[in-house]
Each structure stands twice: as C-alpha cells, then as structure tokens.
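Peer 1: Just one file: start04.txt, with compact mmCIF, C-alpha atoms and all ligand atoms.
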# COMPACT_ATOMS: atom_id res chain seq x y z
CA MET A 1 0.00 0.00 0.00
CA ALA A 2 1.35 3.36 -1.05
CA VAL A 3 2.02 5.79 1.72
CA LYS A 4 1.68 9.48 0.99
CA VAL A 5 3.96 11.63 3.11
CA VAL A 6 2.60 15.10 3.75
CA GLN A 7 5.21 17.66 4.66
CA ARG A 8 4.40 20.02 7.46
CA PRO A 9 4.20 23.50 5.90
CA GLU A 10 6.78 25.93 7.16
CA LEU A 11 5.38 29.01 8.88
CA THR A 12 6.49 32.36 7.65
CA PHE A 13 8.02 34.92 9.99
CA TRP A 14 4.72 36.81 10.39
CA GLU A 15 2.77 33.61 10.95
CA LYS A 16 5.17 32.65 13.72
CA THR A 17 4.45 35.95 15.46
CA TYR A 18 0.64 35.26 15.30
CA LEU A 19 0.11 39.00 14.82
CA PRO A 20 -1.89 38.67 11.54
CA GLN A 21 -4.23 36.11 13.16
CA ILE A 22 -4.72 38.30 16.23
CA TYR A 23 -5.42 41.26 13.95
CA CYS A 24 -8.02 39.23 11.95
CA GLY A 25 -9.76 38.08 15.14
CA LEU A 26 -9.92 41.59 16.57
CA LYS A 27 -11.20 42.94 13.27
CA ILE A 28 -14.16 40.50 13.33
CA THR A 29 -14.89 41.15 17.03
CA PHE A 30 -14.84 44.94 16.69
CA SER A 31 -16.85 44.91 13.47
CA HIS A 32 -19.64 43.02 15.34
CA PHE A 33 -19.29 45.31 18.35
CA PHE A 34 -19.60 48.57 16.43
CA ARG A 35 -22.33 47.24 14.16
CA ASN A 36 -24.46 46.18 17.15
CA LEU A 37 -23.68 49.41 18.99
CA PHE A 38 -24.75 51.48 15.99
CA LEU A 39 -27.92 49.43 15.41
CA HIS A 40 -28.99 49.52 19.08
CA ILE A 41 -28.56 53.30 19.14
CA ALA A 42 -30.51 53.56 15.88
CA HIS A 43 -33.28 51.32 17.26
CA SER A 44 -33.53 53.45 20.42
CA VAL A 45 -34.44 56.47 18.25
CA GLY A 46 -36.79 54.43 16.06
CA ARG A 47 -34.49 53.98 13.06
CA LEU A 48 -33.33 50.92 11.06
CA ARG A 49 -35.71 48.59 12.85
CA HIS A 50 -35.68 46.26 9.86
CA LEU A 51 -32.01 45.44 10.65
CA ARG A 52 -31.58 42.99 13.51
CA ALA A 53 -28.94 43.68 16.15
CA GLY A 54 -27.28 41.07 18.33
CA VAL A 55 -28.80 40.49 21.76
CA THR A 56 -26.96 39.14 24.80
CA TYR A 57 -28.94 37.52 27.60
CA GLN A 58 -27.32 37.88 31.02
CA TYR A 59 -27.82 34.22 31.94
CA PRO A 60 -28.59 33.00 34.59
CA GLU A 61 -30.04 36.29 35.90
CA GLU A 62 -31.86 36.82 32.63
CA LEU A 63 -33.38 33.80 30.91
CA ARG A 64 -33.85 33.57 27.19
CA PRO A 65 -37.55 33.58 26.22
CA LEU A 66 -38.70 30.09 25.31
CA MET A 67 -41.00 29.15 22.47
CA SER A 68 -44.38 27.90 23.63
CA ARG A 69 -43.64 24.47 22.14
CA TYR A 70 -40.20 24.21 23.79
CA ARG A 71 -39.79 20.93 25.68
CA SER A 72 -38.44 21.63 29.16
CA ARG A 73 -38.57 19.61 32.39
CA HIS A 74 -41.60 17.36 32.82
CA ARG A 75 -44.48 17.84 35.23
CA LEU A 76 -47.54 15.85 36.15
CA THR A 77 -50.80 17.78 36.00
CA VAL A 78 -53.17 17.52 38.97
CA ARG A 79 -56.92 17.45 39.51
CA ASP A 80 -58.83 20.04 41.55
CA ASP A 81 -58.31 17.94 44.69
CA GLY A 82 -54.54 17.90 44.17
CA THR A 83 -54.25 14.27 43.09
CA PRO A 84 -52.47 13.42 39.82
CA ARG A 85 -54.53 13.30 36.63
CA CYS A 86 -52.53 10.26 35.56
CA VAL A 87 -54.61 7.08 35.38
CA GLY A 88 -51.64 4.73 35.23
CA CYS A 89 -52.34 3.52 31.69
CA MET A 90 -48.61 2.97 31.07
CA LEU A 91 -48.77 4.38 27.54
CA CYS A 92 -45.99 6.88 28.19
CA GLU A 93 -43.75 4.24 29.75
CA THR A 94 -44.40 1.96 26.78
CA VAL A 95 -43.71 4.59 24.11
CA CYS A 96 -40.64 6.09 25.77
CA PRO A 97 -37.66 5.28 23.49
CA ALA A 98 -35.15 5.84 26.30
CA ARG A 99 -37.06 3.66 28.77
CA CYS A 100 -36.57 6.24 31.47
CA ILE A 101 -40.14 6.26 32.83
CA THR A 102 -41.08 3.91 35.66
CA ILE A 103 -44.73 3.67 36.69
CA VAL A 104 -46.30 1.45 39.30
CA PRO A 105 -50.10 1.73 39.00
CA GLY A 106 -52.50 1.12 41.84
CA GLU A 107 -56.26 0.77 42.15
CA HIS A 108 -57.94 4.12 42.74
CA PRO A 109 -60.47 4.37 45.60
CA ASP A 110 -62.80 6.33 43.31
CA PRO A 111 -64.65 3.80 41.09
CA ASN A 112 -64.84 6.43 38.34
CA VAL A 113 -61.06 6.45 38.12
CA GLU A 114 -59.60 3.09 37.27
CA LYS A 115 -56.01 3.52 38.40
CA TYR A 116 -53.53 6.06 39.70
CA PRO A 117 -49.71 6.08 39.79
CA VAL A 118 -48.42 4.69 43.07
CA ARG A 119 -44.98 5.47 41.71
CA PHE A 120 -44.01 7.64 38.77
CA ASP A 121 -40.30 8.25 38.13
CA ILE A 122 -38.48 9.84 35.22
CA ASP A 123 -34.71 9.58 34.89
CA LEU A 124 -33.69 12.88 33.31
CA GLY A 125 -30.16 11.58 32.88
CA VAL A 126 -31.48 9.13 30.31
CA CYS A 127 -34.40 11.10 28.80
CA VAL A 128 -33.84 12.35 25.24
CA TYR A 129 -36.60 15.01 25.44
CA CYS A 130 -38.48 13.60 22.45
CA GLY A 131 -41.86 14.53 23.92
CA TYR A 132 -43.48 11.22 22.98
CA CYS A 133 -44.76 10.77 26.55
CA VAL A 134 -46.66 14.05 26.29
CA GLU A 135 -48.02 13.26 22.85
CA VAL A 136 -49.31 9.82 23.76
CA CYS A 137 -50.98 10.66 27.07
CA PRO A 138 -54.79 10.38 26.76
CA GLU A 139 -55.40 12.40 29.97
CA ASP A 140 -53.14 15.43 29.41
CA ALA A 141 -51.52 14.22 32.61
CA ILE A 142 -47.90 14.88 31.69
CA ARG A 143 -46.48 18.03 30.14
CA MET A 144 -43.05 19.46 29.36
CA ASP A 145 -43.91 23.13 29.84
CA THR A 146 -42.24 24.02 33.14
CA GLY A 147 -39.62 26.18 31.42
CA ILE A 148 -37.02 24.64 33.76
CA LEU A 149 -33.73 24.17 31.93
CA ASP A 150 -31.18 23.99 34.74
CA LEU A 151 -31.21 20.23 35.14
CA ALA A 152 -27.58 19.68 36.05
CA ALA A 153 -26.91 17.65 39.19
CA TYR A 154 -23.94 16.27 41.08
CA SER A 155 -25.10 12.66 40.94
CA ARG A 156 -27.10 10.32 38.73
CA GLU A 157 -29.60 9.82 41.56
CA ALA A 158 -30.36 13.55 41.68
CA MET A 159 -31.35 13.39 38.00
CA GLN A 160 -34.19 11.00 38.83
CA LEU A 161 -37.50 12.74 39.45
CA ASP A 162 -40.14 11.04 41.56
CA ILE A 163 -43.86 11.75 41.65
CA HIS A 164 -43.46 14.50 44.25
CA GLU A 165 -41.09 16.52 42.10
CA LEU A 166 -43.14 15.86 38.99
CA MET A 167 -46.32 17.13 40.65
CA ASP A 168 -44.54 20.20 42.01
CA PRO A 169 -41.71 21.43 39.75
CA GLU A 170 -40.53 23.79 42.54
CA LEU A 171 -39.80 20.83 44.80
CA ARG A 172 -36.21 19.65 45.04
CA LYS A 173 -34.60 16.50 46.38
CA PRO A 174 -34.32 14.69 48.66
CA ILE A 175 -37.55 12.88 49.46
CA ALA A 176 -36.34 9.49 50.51
CA ASP A 177 -38.97 8.27 52.97
CA CYS A 178 -42.04 8.22 50.77
CA SER A 179 -44.17 5.10 51.23
CA LEU A 180 -46.55 6.19 48.45
CA GLU A 181 -49.67 4.61 49.85
CA PHE A 182 -53.05 5.96 48.82
CA PRO A 183 -54.72 8.16 49.89
CA HIS A 184 -51.66 10.00 51.09
CA GLN A 185 -51.78 13.02 53.37
CA CYS A 186 -48.86 14.93 52.02
CA GLU A 187 -49.12 18.47 50.71
CA LEU A 188 -46.57 20.24 48.61
CA THR A 189 -46.35 23.82 49.76
CA GLY A 190 -43.73 26.33 48.77
CA GLY A 191 -41.38 23.66 47.55
CA GLN A 192 -41.54 21.77 50.86
CA MET A 193 -43.20 18.46 51.59
CA LYS A 194 -45.64 18.71 54.48
CA GLY A 195 -47.06 15.78 56.33
CA SER A 196 -46.64 12.11 55.62
CA TRP A 197 -47.20 9.84 52.66
CA SER A 198 -48.67 7.14 54.87
CA ALA A 199 -52.39 6.38 54.98
CA GLU A 200 -52.64 7.92 58.44
CA PRO A 201 -52.17 11.67 58.97
CA ALA A 202 -48.89 12.60 60.62
CA ALA A 203 -49.00 13.46 64.32
CA ASP A 204 -48.31 17.18 63.70
CA GLU A 205 -51.00 17.39 61.03
CA PRO A 206 -54.51 18.67 61.89
S1 LIG B 301 -39.42 12.98 26.58
FE1 LIG B 301 -39.12 11.05 25.42
S2 LIG B 301 -37.33 10.07 26.39
FE2 LIG B 301 -38.06 11.66 27.82
S3 LIG B 301 -39.48 10.59 29.21
FE3 LIG B 301 -40.74 11.42 27.53
S4 LIG B 301 -40.85 9.72 26.03
FE4 LIG B 301 -39.15 9.26 27.42
S1 LIG B 302 -48.99 10.11 32.27
FE1 LIG B 302 -50.64 9.77 30.77
S2 LIG B 302 -49.83 8.16 29.38
FE2 LIG B 302 -48.54 8.13 31.23
S3 LIG B 302 -49.49 6.56 32.54
FE3 LIG B 302 -50.36 8.56 33.15
S4 LIG B 302 -52.26 8.75 31.94
FE4 LIG B 302 -51.04 7.12 30.96
Go ahead and express the file in the form of structure tokens.

Peer 2:
Amino acid sequence: MAVKVVQRPELTFWEKTYLPQIYCGLKITFSHFFRNLFLHIAHSVGRLRHLRAGVTYQYPEELRPLMSRYRSRHRLTVRDDGTPRCVGCMLCETVCPARCITIVPGEHPDPNVEKYPVRFDIDLGVCVYCGYCVEVCPEDAIRMDTGILDLAAYSREAMQLDIHELMDPELRKPIADCSLEFPHQCELTGGQMKGSWSAEPAADEP
C-alpha cells in the first residue's frame, strides 16, 4: 500500500508571530461590536428597525424567552383535589424510546377512576426530550412546559424525578422516605413536603 507523506508546511516569519491572526480576530470582534452598537442606538431612536442587532442575555439572571412548544422539564398535572390526573395507563412508559419512565399503577379508591400512579419516576439523565410521553398521554396528565432548563446535578440519583417533584416542579430532592400509599396526606407547599405519605395523617397534622 502506497504511503503518501505530507510535509508540514513551514510558517512564515509573520505567521510565527501570530500578529496577523490576532489582527483578523480583533477585526471581526470589533466589526460586530460597532455594528451592534450602531444598530442599538438607531433602534432606540426608532431607526433601522428592519435590521436585527445582536442580543446578549445575562444568563442565569436573565433567561432567554422560550417558544411555547419548547420541551423543558416534565411535570404531572393535577386534579382540583390535588391528586395526579394520571390514570396509570402505562402508555408513556411503553412509548418512551429511552425507557426512562417507571410507573407502578395502583387501584384508585374512586370507582370512576380506574387507576392512579403509586410510583411515577423519570430519569432525566437518560431522557432524550423527544416529547413522545406528552403526545401519547390520553389524559393530558404529563407536560413538558415548566420552562425549567437547569437540570444539572452532582449525581445520577439527583437526576431521577419522583412523583413529588413531577407534581410540584418547585420541589427539590431529597424525598427518601415516601411510602406512596393511597390516599396520602402529604401536601406540597412552597417547595416543601408537608405531612406524611402514609395512609394515616402525621402526628403534627390537623
Ligand atoms: S421525553 Fe421522550 S425520552 Fe423523555 S421521558 Fe418522555 S418519552 Fe421518554
Ligand atoms: S402520564 Fe398519561 S400516558 Fe402516562 S401513565 Fe399517566 S395517563 Fe397514561
């Protein structure tokens, strides 16, 4: 097999100084800077509005506006009484291509509602944000409209959302002692879990 030897090109004196490359980079940077400065000043006095100027969002203090169809962190919608709308049909778990949804359905005490999710977990570390779970749900019980984008965590476990966090997007880990029996007494208020998830009300609850 023939081997083609490619010689390393010799740099010229000016290329070795990197001054031409620095000059080219600064020329591009300053051309953008002065163009945007000029256009923003023109826009402020109502001129040249048909020309778009660059916009910098001061993230994380200032969040970029999201499109209404943007798929952000999941949430479970709730009924008027605060219980999840989900009827445990398992369609979302079945359709999920990443297999990151885990549902354990239970029999609902209301005969008009067949089932409810005893457990509903989503592993965001595995989710590919395809939105299939939202599309397939017959009850509009799961949505991806929280607008929450800061999903980074220090561990894989922290990327796993349970039913508490899905029902209240403000809620953060950890909730480790949930027995998830129905009907539970817990309330999610101001990002804090109140009460107990056992069938009996907690001692400090009214
Ligand atoms: S967005 Fe897609 S990958 Fe993520 S939980 Fe829903 S179906 Fe699964
Ligand atoms: S979220 Fe919707 S699709 Fe998934 S189990 Fe509940 S009702 Fe079924």

Peer 1: CA of Val95 in chain A to CA of Cys133 in chain A: how many Å, to one decimal?

Peer 2: 6.7 Å

Peer 1: Find the nearest atom pair between each residue of chain A and ligand LIG 302 (chain B) for residues within 7 Å, count all atoms listed in the file, give distances in Å to one decimal, sort rows by chain and ascending number, and present the table as a tab-separated table.

Peer 2:
residue	atom	partner	partner_atom	distance
A:Arg85	CA	B:LIG302	S4	6.9
A:Cys86	CA	B:LIG302	FE3	3.7
A:Val87	CA	B:LIG302	S4	4.5
A:Gly88	CA	B:LIG302	S3	3.9
A:Cys89	CA	B:LIG302	FE4	3.9
A:Met90	CA	B:LIG302	S3	4.0
A:Leu91	CA	B:LIG302	S2	4.3
A:Cys92	CA	B:LIG302	FE2	4.2
A:Glu93	CA	B:LIG302	FE2	6.3
A:Ile103	CA	B:LIG302	S3	6.9
A:Cys133	CA	B:LIG302	S2	6.4
A:Val136	CA	B:LIG302	S2	5.9
A:Cys137	CA	B:LIG302	S2	3.6
A:Pro138	CA	B:LIG302	FE1	5.8
A:Glu139	CA	B:LIG302	S4	5.2
A:Asp140	CA	B:LIG302	FE1	6.3
A:Ala141	CA	B:LIG302	S1	4.8
A:Ile142	CA	B:LIG302	S1	4.9

Peer 1: Mind listing the residues within 7 Å of ligand LIG 301 (chain B), all atoms listed in the file counted, as a ChimeraX atom specification?

Peer 2: /A:92,95-101,122,127-134

Peer 1: List every protein, DNA or RNA residue that has an atom no more than 12 Å from (-32.5, 31.7, 33.5) in the file's coordinate frame, counting only C-alpha atoms, and report them as a PyMOL selection string.

Peer 2: chain A and resi 57-66+147-151

Peer 1: Nearest to Arg73 in chain A: which of A:Leu166, A:Leu51, A:Val45, A:Val104 is it, counting all atoms listed in the file?

Peer 2: A:Leu166

Peer 1: So how many Å separate CA of Thr102 in chain A and CA of Leu171 in chain A, to one decimal?

Peer 2: 19.3 Å
